[in-house]
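Raw contents of upload_34.pdb, PDB, C-alpha atoms, pLDDT in the B column:
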ATOM      1  CA  MET S   1     -22.005  28.388 -51.125  1.00 43.00           C
ATOM      2  CA  PRO S   2     -25.535  27.829 -52.509  1.00 45.00           C
ATOM      3  CA  GLU S   3     -28.464  28.146 -50.140  1.00 47.00           C
ATOM      4  CA  ALA S   4     -29.842  24.773 -49.064  1.00 47.00           C
ATOM      5  CA  ASN S   5     -33.364  23.818 -50.088  1.00 45.00           C
ATOM      6  CA  PHE S   6     -35.053  22.911 -46.819  1.00 47.00           C
ATOM      7  CA  GLN S   7     -38.148  21.629 -48.604  1.00 45.00           C
ATOM      8  CA  GLN S   8     -36.286  18.438 -49.530  1.00 47.00           C
ATOM      9  CA  PRO S   9     -35.640  15.619 -47.037  1.00 51.00           C
ATOM     10  CA  ILE S  10     -32.330  15.818 -45.205  1.00 53.00           C
ATOM     11  CA  ASN S  11     -30.249  12.741 -45.890  1.00 57.00           C
ATOM     12  CA  ALA S  12     -26.871  13.218 -44.242  1.00 74.00           C
ATOM     13  CA  THR S  13     -26.037  12.821 -40.573  1.00 85.00           C
ATOM     14  CA  ALA S  14     -23.216  15.356 -40.904  1.00 87.00           C
ATOM     15  CA  LYS S  15     -25.652  17.880 -42.374  1.00 89.00           C
ATOM     16  CA  ILE S  16     -28.009  17.425 -39.403  1.00 92.00           C
ATOM     17  CA  LEU S  17     -25.188  18.037 -36.929  1.00 93.00           C
ATOM     18  CA  GLU S  18     -23.919  21.072 -38.844  1.00 94.00           C
ATOM     19  CA  GLU S  19     -27.364  22.646 -39.134  1.00 95.00           C
ATOM     20  CA  TYR S  20     -28.280  21.869 -35.515  1.00 96.00           C
ATOM     21  CA  GLY S  21     -25.037  23.531 -34.427  1.00 96.00           C
ATOM     22  CA  ALA S  22     -26.021  26.590 -36.477  1.00 97.00           C
ATOM     23  CA  GLY S  23     -29.359  26.815 -34.637  1.00 97.00           C
ATOM     24  CA  LYS S  24     -31.715  24.950 -36.960  1.00 97.00           C
ATOM     25  CA  ARG S  25     -34.258  22.713 -35.200  1.00 97.00           C
ATOM     26  CA  ASP S  26     -36.635  21.751 -38.032  1.00 97.00           C
ATOM     27  CA  PHE S  27     -35.666  18.347 -39.434  1.00 96.00           C
ATOM     28  CA  ARG S  28     -39.122  17.107 -40.400  1.00 97.00           C
ATOM     29  CA  LYS S  29     -39.059  14.196 -42.853  1.00 96.00           C
ATOM     30  CA  ALA S  30     -35.299  13.677 -42.427  1.00 94.00           C
ATOM     31  CA  GLU S  31     -34.141  10.369 -43.883  1.00 93.00           C
ATOM     32  CA  LEU S  32     -31.742   8.998 -41.293  1.00 94.00           C
ATOM     33  CA  GLY S  33     -32.290   5.246 -41.384  1.00 93.00           C
ATOM     34  CA  ASN S  34     -29.148   3.509 -40.050  1.00 94.00           C
ATOM     35  CA  ALA S  35     -27.639   6.867 -38.991  1.00 94.00           C
ATOM     36  CA  ASN S  36     -25.112   6.977 -36.166  1.00 94.00           C
ATOM     37  CA  LEU S  37     -26.135   9.809 -33.838  1.00 95.00           C
ATOM     38  CA  GLN S  38     -24.832   8.163 -30.682  1.00 95.00           C
ATOM     39  CA  GLY S  39     -24.371  10.573 -27.777  1.00 96.00           C
ATOM     40  CA  VAL S  40     -25.345  13.669 -29.785  1.00 95.00           C
ATOM     41  CA  ASP S  41     -27.294  16.580 -28.267  1.00 97.00           C
ATOM     42  CA  LEU S  42     -30.393  17.202 -30.421  1.00 97.00           C
ATOM     43  CA  LYS S  43     -32.570  18.656 -27.646  1.00 98.00           C
ATOM     44  CA  GLY S  44     -35.763  20.324 -28.863  1.00 98.00           C
ATOM     45  CA  ALA S  45     -35.457  19.350 -32.532  1.00 98.00           C
ATOM     46  CA  ASP S  46     -38.419  18.483 -34.740  1.00 98.00           C
ATOM     47  CA  PHE S  47     -37.968  15.042 -36.308  1.00 98.00           C
ATOM     48  CA  SER S  48     -41.654  14.486 -37.007  1.00 98.00           C
ATOM     49  CA  TYR S  49     -42.323  12.189 -39.971  1.00 98.00           C
ATOM     50  CA  ALA S  50     -38.607  11.298 -40.093  1.00 97.00           C
ATOM     51  CA  ASP S  51     -37.068   7.919 -40.817  1.00 96.00           C
ATOM     52  CA  LEU S  52     -34.808   6.988 -37.910  1.00 97.00           C
ATOM     53  CA  SER S  53     -35.287   3.254 -38.331  1.00 97.00           C
ATOM     54  CA  GLU S  54     -32.256   1.238 -37.248  1.00 97.00           C
ATOM     55  CA  ALA S  55     -30.481   4.456 -36.202  1.00 97.00           C
ATOM     56  CA  ASN S  56     -27.980   4.393 -33.347  1.00 97.00           C
ATOM     57  CA  LEU S  57     -29.374   6.951 -30.910  1.00 98.00           C
ATOM     58  CA  SER S  58     -27.877   5.437 -27.768  1.00 98.00           C
ATOM     59  CA  GLY S  59     -27.081   8.107 -25.202  1.00 98.00           C
ATOM     60  CA  THR S  60     -28.525  10.798 -27.480  1.00 98.00           C
ATOM     61  CA  ASN S  61     -30.267  13.820 -25.951  1.00 98.00           C
ATOM     62  CA  LEU S  62     -33.696  14.009 -27.626  1.00 98.00           C
ATOM     63  CA  ARG S  63     -35.317  15.833 -24.721  1.00 98.00           C
ATOM     64  CA  GLY S  64     -38.411  17.748 -25.834  1.00 98.00           C
ATOM     65  CA  CYS S  65     -38.079  16.579 -29.456  1.00 98.00           C
ATOM     66  CA  ASP S  66     -41.080  16.127 -31.704  1.00 98.00           C
ATOM     67  CA  LEU S  67     -40.864  12.512 -32.879  1.00 98.00           C
ATOM     68  CA  SER S  68     -44.507  12.291 -33.934  1.00 98.00           C
ATOM     69  CA  PHE S  69     -45.130   9.936 -36.846  1.00 98.00           C
ATOM     70  CA  THR S  70     -41.410   9.051 -36.817  1.00 98.00           C
ATOM     71  CA  ASP S  71     -40.181   5.579 -37.730  1.00 98.00           C
ATOM     72  CA  LEU S  72     -37.904   4.446 -34.899  1.00 98.00           C
ATOM     73  CA  ASN S  73     -38.347   0.741 -35.620  1.00 98.00           C
ATOM     74  CA  GLN S  74     -35.211  -1.157 -34.571  1.00 98.00           C
ATOM     75  CA  ALA S  75     -33.532   2.072 -33.421  1.00 98.00           C
ATOM     76  CA  ASN S  76     -31.034   1.821 -30.581  1.00 98.00           C
ATOM     77  CA  LEU S  77     -32.318   4.254 -27.944  1.00 98.00           C
ATOM     78  CA  LYS S  78     -30.421   2.676 -25.056  1.00 98.00           C
ATOM     79  CA  ASN S  79     -29.872   5.299 -22.332  1.00 98.00           C
ATOM     80  CA  ALA S  80     -31.245   8.070 -24.597  1.00 98.00           C
ATOM     81  CA  ASN S  81     -33.020  11.072 -23.074  1.00 98.00           C
ATOM     82  CA  LEU S  82     -36.557  11.399 -24.468  1.00 98.00           C
ATOM     83  CA  ARG S  83     -37.989  13.282 -21.488  1.00 98.00           C
ATOM     84  CA  GLY S  84     -40.870  15.458 -22.633  1.00 98.00           C
ATOM     85  CA  ALA S  85     -40.642  14.205 -26.227  1.00 98.00           C
ATOM     86  CA  MET S  86     -43.743  13.943 -28.398  1.00 98.00           C
ATOM     87  CA  LEU S  87     -44.185  10.376 -29.635  1.00 98.00           C
ATOM     88  CA  PHE S  88     -47.645  10.607 -31.200  1.00 98.00           C
ATOM     89  CA  SER S  89     -48.110   7.770 -33.732  1.00 97.00           C
ATOM     90  CA  ALA S  90     -44.391   6.942 -33.600  1.00 98.00           C
ATOM     91  CA  ASN S  91     -43.174   3.450 -34.489  1.00 98.00           C
ATOM     92  CA  LEU S  92     -40.906   2.070 -31.737  1.00 98.00           C
ATOM     93  CA  ARG S  93     -41.955  -1.576 -32.275  1.00 97.00           C
ATOM     94  CA  GLU S  94     -38.510  -3.152 -32.121  1.00 97.00           C
ATOM     95  CA  ALA S  95     -36.543  -0.258 -30.630  1.00 98.00           C
ATOM     96  CA  ASN S  96     -34.041  -0.889 -27.850  1.00 98.00           C
ATOM     97  CA  LEU S  97     -35.480   1.157 -24.977  1.00 98.00           C
ATOM     98  CA  GLN S  98     -33.198  -0.206 -22.251  1.00 97.00           C
ATOM     99  CA  GLY S  99     -32.439   2.650 -19.851  1.00 97.00           C
ATOM    100  CA  THR S 100     -34.252   5.191 -22.050  1.00 98.00           C
ATOM    101  CA  HIS S 101     -35.587   8.167 -20.086  1.00 98.00           C
ATOM    102  CA  LEU S 102     -39.196   8.730 -21.150  1.00 98.00           C
ATOM    103  CA  GLU S 103     -40.604  10.664 -18.201  1.00 97.00           C
ATOM    104  CA  LYS S 104     -43.327  13.120 -19.295  1.00 97.00           C
ATOM    105  CA  ALA S 105     -43.048  12.067 -22.939  1.00 98.00           C
ATOM    106  CA  ASP S 106     -46.417  12.163 -24.721  1.00 97.00           C
ATOM    107  CA  CYS S 107     -47.891   9.407 -26.868  1.00 97.00           C
ATOM    108  CA  ASP S 108     -51.278   8.248 -28.094  1.00 96.00           C
ATOM    109  CA  HIS S 109     -52.925   4.913 -28.823  1.00 94.00           C
ATOM    110  CA  ASN S 110     -51.336   4.926 -32.291  1.00 97.00           C
ATOM    111  CA  THR S 111     -47.822   4.905 -30.826  1.00 97.00           C
ATOM    112  CA  HIS S 112     -46.274   1.447 -31.153  1.00 98.00           C
ATOM    113  CA  PHE S 113     -43.893   0.280 -28.435  1.00 98.00           C
ATOM    114  CA  PRO S 114     -42.103  -3.086 -28.188  1.00 97.00           C
ATOM    115  CA  PRO S 115     -44.511  -5.804 -26.977  1.00 95.00           C
ATOM    116  CA  ASP S 116     -42.738  -6.257 -23.615  1.00 92.00           C
ATOM    117  CA  PHE S 117     -42.471  -2.503 -22.879  1.00 96.00           C
ATOM    118  CA  ASP S 118     -44.831  -0.686 -20.502  1.00 96.00           C
ATOM    119  CA  PRO S 119     -44.851   3.012 -21.477  1.00 95.00           C
ATOM    120  CA  ILE S 120     -46.977   4.067 -18.493  1.00 94.00           C
ATOM    121  CA  LYS S 121     -44.531   2.450 -16.072  1.00 95.00           C
ATOM    122  CA  ALA S 122     -41.728   4.322 -17.885  1.00 96.00           C
ATOM    123  CA  GLY S 123     -43.488   7.642 -17.196  1.00 96.00           C
ATOM    124  CA  VAL S 124     -44.978   8.226 -20.643  1.00 97.00           C
ATOM    125  CA  LYS S 125     -48.254  10.188 -20.696  1.00 96.00           C
ATOM    126  CA  MET S 126     -50.956   8.625 -22.838  1.00 93.00           C
ATOM    127  CA  ARG S 127     -53.097  11.183 -24.650  1.00 89.00           C
ATOM    128  CA  ASN S 128     -56.399  10.472 -26.374  1.00 77.00           C
ATOM    129  CA  SER S 129     -55.335  12.185 -29.595  1.00 57.00           C
ATOM    130  CA  PHE S 130     -52.603  14.251 -31.178  1.00 49.00           C
ATOM    131  CA  VAL S 131     -52.622  17.782 -29.754  1.00 48.00           C
TER     132      VAL S 131
END
Structure rendered as structure tokens:
Amino acid sequence: MPEANFQQPINATAKILEEYGAGKRDFRKAELGNANLQGVDLKGADFSYADLSEANLSGTNLRGCDLSFTDLNQANLKNANLRGAMLFSANLREANLQGTHLEKADCDHNTHFPPDFDPIKAGVKMRNSFV
């Protein structure tokens, strides 16, 4: 089996699950728009700069994940665990955040939440800039 080139964006949901199961946690720039990752455990993974727009992430464990600069526009994050996640400059404009656990997640003023969502009330920590 040829060695995968991890410099290229990851495009397949199955590949993410296989590599995560093998211990990989670096999925920067993954292209997972419309992916179905419902109920999957992806704790501690790096999805910075990834495209997760319109992805089904309901019930997914994203605890401690780096989602900085990630496009989560229109993603379904209902009942997902994002405790301690990094959301610096992430796009969550039209994401479904119903029941999403965001305690101790970090964001900055460039993070975009849905207009009717109060991140501070949800337990998100607002930082002045990306750390």
Atom CA of S:Ala55 to atom CA of S:Val40, straight-line distance in Å: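 If I compute the distance from atom CA of S:Val40 to atom CA of S:Ala55, I get 12.3 Å.
Between S:Asn91 and the candidates S:Arg63, S:Lys24, S:His112, S:Lys78, the tightest atom-to-atom separation, counting all atoms listed in the file, involves S:His112.
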Using all atoms listed in the file: which of S:Arg83, S:Lys29, S:Lys15, S:Lys125 has the shortest distance to S:Cys107: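 Selected residue with least distance to S:Cys107: S:Lys125.
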Nearest-residue call for S:Asp51, choices S:Gly64, S:Ala90, S:His109, S:Asn81, using all atoms listed in the file: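 Ranking S:Gly64, S:Ala90, S:His109, S:Asn81 by distance to S:Asp51, first place goes to S:Ala90.
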Spatial neighbours of S:Asp26, max dist 8 Å, only C-alpha atoms, sep filter under 3 positions, as a list in words: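 With the cut-off at 8 Å, the set is Ala45, Asp46 and Phe47 of chain S.
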Output the selection as a PDB file, in the frame of the given file - C-alpha atoms for each residue.
ATOM      1  CA  ALA S  45     -35.457  19.350 -32.532  1.00 98.00           C
ATOM      2  CA  ASP S  46     -38.419  18.483 -34.740  1.00 98.00           C
ATOM      3  CA  PHE S  47     -37.968  15.042 -36.308  1.00 98.00           C
TER       4      PHE S  47
END
Separation of atom CA of S:Lys121 from atom CA of S:Gly59 in Å: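 These atoms are spaced 20.5 Å apart.
Taking atom CA of S:Ala14 and atom CA of S:Ser68 as endpoints, the distance between them is 22.6 Å.
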Pick from S:Asp116, S:Gly39, S:Met126, S:Ser89 nearest to S:Glu103, counting all atoms listed in the file: S:Met126
Could you pull the residues within 9 Å of S:Leu87, counting all atoms listed in the file, minus those fewer than 6 positions along the same chain, as a compact mmCIF listing (two decimals) with C-alpha atoms, in the coordinates of the input?
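File written: selection_32.txt
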# COMPACT_ATOMS: atom_id res chain seq x y z
CA SER S 48 -41.65 14.49 -37.01
CA CYS S 65 -38.08 16.58 -29.46
CA ASP S 66 -41.08 16.13 -31.70
CA LEU S 67 -40.86 12.51 -32.88
CA SER S 68 -44.51 12.29 -33.93
CA PHE S 69 -45.13 9.94 -36.85
CA THR S 70 -41.41 9.05 -36.82
CA ALA S 105 -43.05 12.07 -22.94
CA ASP S 106 -46.42 12.16 -24.72
CA CYS S 107 -47.89 9.41 -26.87
CA ASP S 108 -51.28 8.25 -28.09
CA THR S 111 -47.82 4.90 -30.83
Minimum-distance residue to S:Asn76, chosen among S:Asn128, S:Asn96, S:Asn34, S:Thr13 (using all atoms listed in the file): S:Asn96
Residue with smallest distance to S:Gly21 - pool S:Leu82, S:Ala95, S:Leu42, S:Leu37, counting only C-alpha atoms: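 Closest to S:Gly21 of all the choices is S:Leu42.
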Within 9 Å of S:Ala12 using all atoms listed in the file, minus same-chain residues under 5 positions, as a PDB file with C-alpha atoms, keeping the file's coordinate frame:
ATOM      1  CA  LEU S  17     -25.188  18.037 -36.929  1.00 93.00           C
ATOM      2  CA  ALA S  30     -35.299  13.677 -42.427  1.00 94.00           C
ATOM      3  CA  GLU S  31     -34.141  10.369 -43.883  1.00 93.00           C
ATOM      4  CA  LEU S  32     -31.742   8.998 -41.293  1.00 94.00           C
ATOM      5  CA  ALA S  35     -27.639   6.867 -38.991  1.00 94.00           C
TER       6      ALA S  35
END
Resolved residues for the PyMOL selection byres ((chain S and resi 113) around 6) as number ranges by chain: S: 92-93, 112, 114
Result set of the PyMOL selection byres ((chain S and resi 74) around 6) on the coordinates above, as a count of residues only: 6
Chain and number of each residue from the PyMOL selection byres ((chain S and resi 99) around 8), as a PyMOL selection string: chain S and resi 78-80+97-98+100-101
Could you rebuild stretch 21-42 of chain S with N, CA and C atoms and give me the result as an mmCIF file, in the coordinates of the input?
data_model
loop_
_atom_site.group_PDB
_atom_site.id
_atom_site.type_symbol
_atom_site.label_atom_id
_atom_site.label_comp_id
_atom_site.auth_asym_id
_atom_site.auth_seq_id
_atom_site.Cartn_x
_atom_site.Cartn_y
_atom_site.Cartn_z
ATOM 1 N N GLY S 21 -26.038 22.657 -35.030
ATOM 2 C CA GLY S 21 -25.037 23.531 -34.427
ATOM 3 C C GLY S 21 -25.214 24.987 -34.809
ATOM 4 N N ALA S 22 -25.777 25.228 -36.001
ATOM 5 C CA ALA S 22 -26.021 26.590 -36.477
ATOM 6 C C ALA S 22 -27.365 27.134 -35.992
ATOM 7 N N GLY S 23 -28.106 26.340 -35.219
ATOM 8 C CA GLY S 23 -29.359 26.815 -34.637
ATOM 9 C C GLY S 23 -30.631 26.280 -35.268
ATOM 10 N N LYS S 24 -30.516 25.506 -36.327
ATOM 11 C CA LYS S 24 -31.715 24.950 -36.960
ATOM 12 C C LYS S 24 -32.279 23.836 -36.078
ATOM 13 N N ARG S 25 -33.610 23.764 -35.996
ATOM 14 C CA ARG S 25 -34.258 22.713 -35.200
ATOM 15 C C ARG S 25 -35.317 21.961 -36.003
ATOM 16 N N ASP S 26 -35.600 22.377 -37.218
ATOM 17 C CA ASP S 26 -36.635 21.751 -38.032
ATOM 18 C C ASP S 26 -36.021 20.723 -38.985
ATOM 19 N N PHE S 27 -36.178 19.441 -38.620
ATOM 20 C CA PHE S 27 -35.666 18.347 -39.434
ATOM 21 C C PHE S 27 -36.789 17.385 -39.813
ATOM 22 N N ARG S 28 -37.989 17.942 -40.000
ATOM 23 C CA ARG S 28 -39.122 17.107 -40.400
ATOM 24 C C ARG S 28 -38.786 16.345 -41.670
ATOM 25 N N LYS S 29 -39.215 15.082 -41.705
ATOM 26 C CA LYS S 29 -39.059 14.196 -42.853
ATOM 27 C C LYS S 29 -37.604 13.853 -43.174
ATOM 28 N N ALA S 30 -36.702 14.048 -42.219
ATOM 29 C CA ALA S 30 -35.299 13.677 -42.427
ATOM 30 C C ALA S 30 -35.196 12.174 -42.661
ATOM 31 N N GLU S 31 -34.351 11.784 -43.575
ATOM 32 C CA GLU S 31 -34.141 10.369 -43.883
ATOM 33 C C GLU S 31 -32.819 9.934 -43.268
ATOM 34 N N LEU S 32 -32.922 9.354 -42.064
ATOM 35 C CA LEU S 32 -31.742 8.998 -41.293
ATOM 36 C C LEU S 32 -31.745 7.535 -40.863
ATOM 37 N N GLY S 33 -32.333 6.673 -41.682
ATOM 38 C CA GLY S 33 -32.290 5.246 -41.384
ATOM 39 C C GLY S 33 -30.843 4.794 -41.311
ATOM 40 N N ASN S 34 -30.496 4.030 -40.292
ATOM 41 C CA ASN S 34 -29.148 3.509 -40.050
ATOM 42 C C ASN S 34 -28.136 4.577 -39.652
ATOM 43 N N ALA S 35 -28.571 5.792 -39.361
ATOM 44 C CA ALA S 35 -27.639 6.867 -38.991
ATOM 45 C C ALA S 35 -27.008 6.592 -37.636
ATOM 46 N N ASN S 36 -25.788 7.079 -37.456
ATOM 47 C CA ASN S 36 -25.112 6.977 -36.166
ATOM 48 C C ASN S 36 -25.111 8.355 -35.525
ATOM 49 N N LEU S 37 -26.035 8.552 -34.580
ATOM 50 C CA LEU S 37 -26.135 9.809 -33.838
ATOM 51 C C LEU S 37 -25.906 9.552 -32.354
ATOM 52 N N GLN S 38 -25.094 8.576 -32.058
ATOM 53 C CA GLN S 38 -24.832 8.163 -30.682
ATOM 54 C C GLN S 38 -24.250 9.321 -29.874
ATOM 55 N N GLY S 39 -24.882 9.595 -28.721
ATOM 56 C CA GLY S 39 -24.371 10.573 -27.777
ATOM 57 C C GLY S 39 -24.492 12.029 -28.204
ATOM 58 N N VAL S 40 -25.220 12.313 -29.267
ATOM 59 C CA VAL S 40 -25.345 13.669 -29.785
ATOM 60 C C VAL S 40 -26.445 14.428 -29.042
ATOM 61 N N ASP S 41 -26.275 15.740 -28.889
ATOM 62 C CA ASP S 41 -27.294 16.580 -28.267
ATOM 63 C C ASP S 41 -28.166 17.173 -29.361
ATOM 64 N N LEU S 42 -29.421 16.707 -29.445
ATOM 65 C CA LEU S 42 -30.393 17.202 -30.421
ATOM 66 C C LEU S 42 -31.648 17.728 -29.716
#
